[in-house]
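Below is one structure, written out as C-alpha cells; the observations come after it.
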Amino acid sequence: MRKTYRLNNTLLKTVLKNNLFYSIVLIIFFFILWTINGLEEVEYYFFLLMILPGIILFLNFPVIFLWTDYYYHNKKMTVEIDSSSNFIKIKEKKCSKTYKFSEIETSTYHLGNYYENLLDNFGKELMFHSDFGYWDLKFKNGDRYYISNLIVDFLHEHAFVKNTTYQFRAFPYIKTSNSKKAIKLKRQIEKNDIDRIIKKFASKSEKELCVILNNKSKYQENAVKAAEIVLKNKGVDTNC
C-alpha cells in the first residue's frame, strides 16, 4: 500500500485535547476543594484559578520546544512509503530521492520514556509531550533523515521497516549524533515476558510443567519456552 505523508496538525490537536481535559479536571478539583473547605476561602481559590493558565503553560514548555524543533527539521519534507513495493520516497525542498527498503542501513524510532512501559512495566507517567517522537532513517549511501511524527504517526502504526530499533529519552529532541545503543523492541519484550513467566513457574511441580509441554498448542509460545527452561534448571528432561 502506498501512502504519502506531509506536515500535519494531528499531534497538535491531540495536545490541545489533553490540555483541555486536564484544565477541566483541575477546575473541578479546585471547585470541590472550595466547596469542602467553605465559601469564605473564595479569594484563595479564585487566585488558584487565575494562575491555572500559567501552570498549563509551564507544563507545555516541552511541547512548544519539541514542536518547534520538529517543525524546523520537517517543514519542507514529504514522505511517500510503499510497503507493497518496498520503497520510500523523500522530498526535501526541491530535492526528491527514492530508495528501496534494502538500501536502508539503520532505522531507529526515538520515543519518550512513557513508551518504555512496553518493556519494563514500570508505570512511567504520561506527559503532554509523551507522544512526540522521530524516526532516524539512515541509508547505505550515507543519506540520513530525521522524520518526526508531525509527518508520520509511526507511534500508532506497525514499523515500516523490519529490524527497526528503539531508543527512549525523557525529552526526545532531534539529536544528529547519538552513541546510545538502540534496542529491538519486540525481542526485548519477549525476553522480559519469558523472564517474568520463569519466576511464576518456579513454584510449579515437574508434573505441572510437563502438562504444559505436552499440550503446547493450548499455551502461549513464551509459556512453553519458560516451562522448558524451568525444567532444565531443575535438571529434568524436557521430553516428559
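Labels for the C-alpha cells follow display order: chains A, B, ..., residues from 1 in each chain, ligands from 1.
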Using only C-alpha atoms, which protein or nucleic acid residues come within 9 Å of Asp131 (chain A)? Drop anything in the same chain fewer than 4 positions from it, and give the result as number ranges by chain.
A: 11, 14-15, 111-112, 114-115, 126-127, 149, 155
Those same residues, written as a PDB file, in the first residue's frame with C-alpha atoms?
```pdb
ATOM      1  CA  LEU A  11      -0.396  15.732  17.020  1.00  0.00           C
ATOM      2  CA  THR A  14      -4.071  15.707  20.498  1.00  0.00           C
ATOM      3  CA  VAL A  15      -2.009  18.027  22.703  1.00  0.00           C
ATOM      4  CA  LEU A 111      10.376   7.921  21.665  1.00  0.00           C
ATOM      5  CA  GLY A 112       9.617   9.429  25.055  1.00  0.00           C
ATOM      6  CA  TYR A 114       6.483   6.784  28.622  1.00  0.00           C
ATOM      7  CA  TYR A 115       6.603   4.193  25.829  1.00  0.00           C
ATOM      8  CA  LEU A 126       2.037  10.185  30.512  1.00  0.00           C
ATOM      9  CA  MET A 127       3.055  13.817  29.948  1.00  0.00           C
ATOM     10  CA  ASN A 149       5.665  12.295  13.903  1.00  0.00           C
ATOM     11  CA  LEU A 155       3.641   5.507  17.124  1.00  0.00           C
TER      12      LEU A 155
END
```
Nearest to Asn60 (chain A) among A:Ser85, A:Asn113, A:Ser130, A:Thr165, with distances taken over only C-alpha atoms: which residue is it?
A:Ser130
Strand (DSSP E) call set, DSSP backbone run, region 63-180 of chain A, as a ChimeraX atom specification:
/A:77-82,87-92,95-100,104-112,134-139,144-148,165-169
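Omitting Phe128 (chain A) and its sequence neighbours fewer than 3 positions away, and counting only C-alpha atoms, the residues within 10 Å are Thr14, Val15, Leu16, Asn18, Asn19, Tyr22, Ile56, Leu59, Asn60, Phe61, Pro62, Val63, Glu125, Asp131 and Phe132 of chain A.
Distances here use only C-alpha atoms; by that measure, the residue among A:Ile174, A:Pro53, A:Gly133, A:Arg2 closest to Leu20 (chain A) is A:Pro53.
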Between CA of Tyr5 (chain A) and CA of Val79 (chain A), measure the distance and give it in Å to one decimal.
5.0 Å
Can you tell me, as JSON, numbers by chain, which residues in region 58-220 of chain A count as helix (DSSP H, G or I) by DSSP?
{"A": [58, 59, 61, 62, 63, 64, 65, 66, 67, 68, 69, 70, 71, 72, 73, 74, 101, 102, 103, 113, 114, 115, 116, 117, 118, 119, 120, 154, 155, 156, 185, 186, 187, 188, 189, 190, 191, 192, 193, 194, 195, 196, 197, 198, 199, 200, 201, 206, 207, 208, 209, 210, 211, 212, 213, 214, 216, 217, 218]}
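Residue nearest Ile229 (chain A), chosen from A:Ala202, A:Ile32, A:Ile147, A:Leu48 and counting only C-alpha atoms: A:Ala202.
Between Thr164 (chain A) and the candidates A:Phe201, A:Trp67, A:Tyr109, A:Tyr99, the tightest atom-to-atom separation, counting only C-alpha atoms, involves A:Tyr109.
All residues of protein, DNA or RNA that reach within 10 Å of Phe87 (chain A), judged by only C-alpha atoms and not counting those fewer than 2 positions away in the chain, are A:Arg2, A:Glu80, A:Ile81, A:Asp82, A:Ser83, A:Ser84, A:Ser85, A:Lys89, A:Thr98, A:Tyr99, A:Lys100, A:Phe101, A:Ser102, A:Glu103, A:Ile104.
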Measuring between only C-alpha atoms, which one of A:Val25, A:Tyr145, A:Thr108, A:Asn8 shows the shortest distance to Lys91 (chain A)?
A:Tyr145
Give me, please, the distance in Å between CA of Gln167 (chain A) and CA of Lys200 (chain A), quoted to one decimal.
28.9 Å
Min atom-atom distance to Ile151 (chain A) from the set A:Ile197, A:Leu7, A:Val236, A:Met1, counting only C-alpha atoms, belongs to A:Leu7
Kindly give the distance, in Å, that separates CA of Asp69 (chain A) and CA of Lys3 (chain A), rounded to a single decimal.
24.6 Å
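Close contacts of Leu231 (chain A), defined as residues with an atom at most 12 Å away when counting only C-alpha atoms, with chain neighbours fewer than 2 positions off set aside, comprise A:Ile198, A:Phe201, A:Ala202, A:Ser203, A:Lys204, A:Ser205, A:Glu206, A:Lys207, A:Glu208, A:Leu209, A:Cys210, A:Val211, A:Ile212, A:Leu213, A:Val224, A:Lys225, A:Ala226, A:Ala227, A:Glu228, A:Ile229, A:Asn233, A:Lys234, A:Gly235, A:Val236, A:Asp237, A:Thr238, A:Asn239, A:Cys240.
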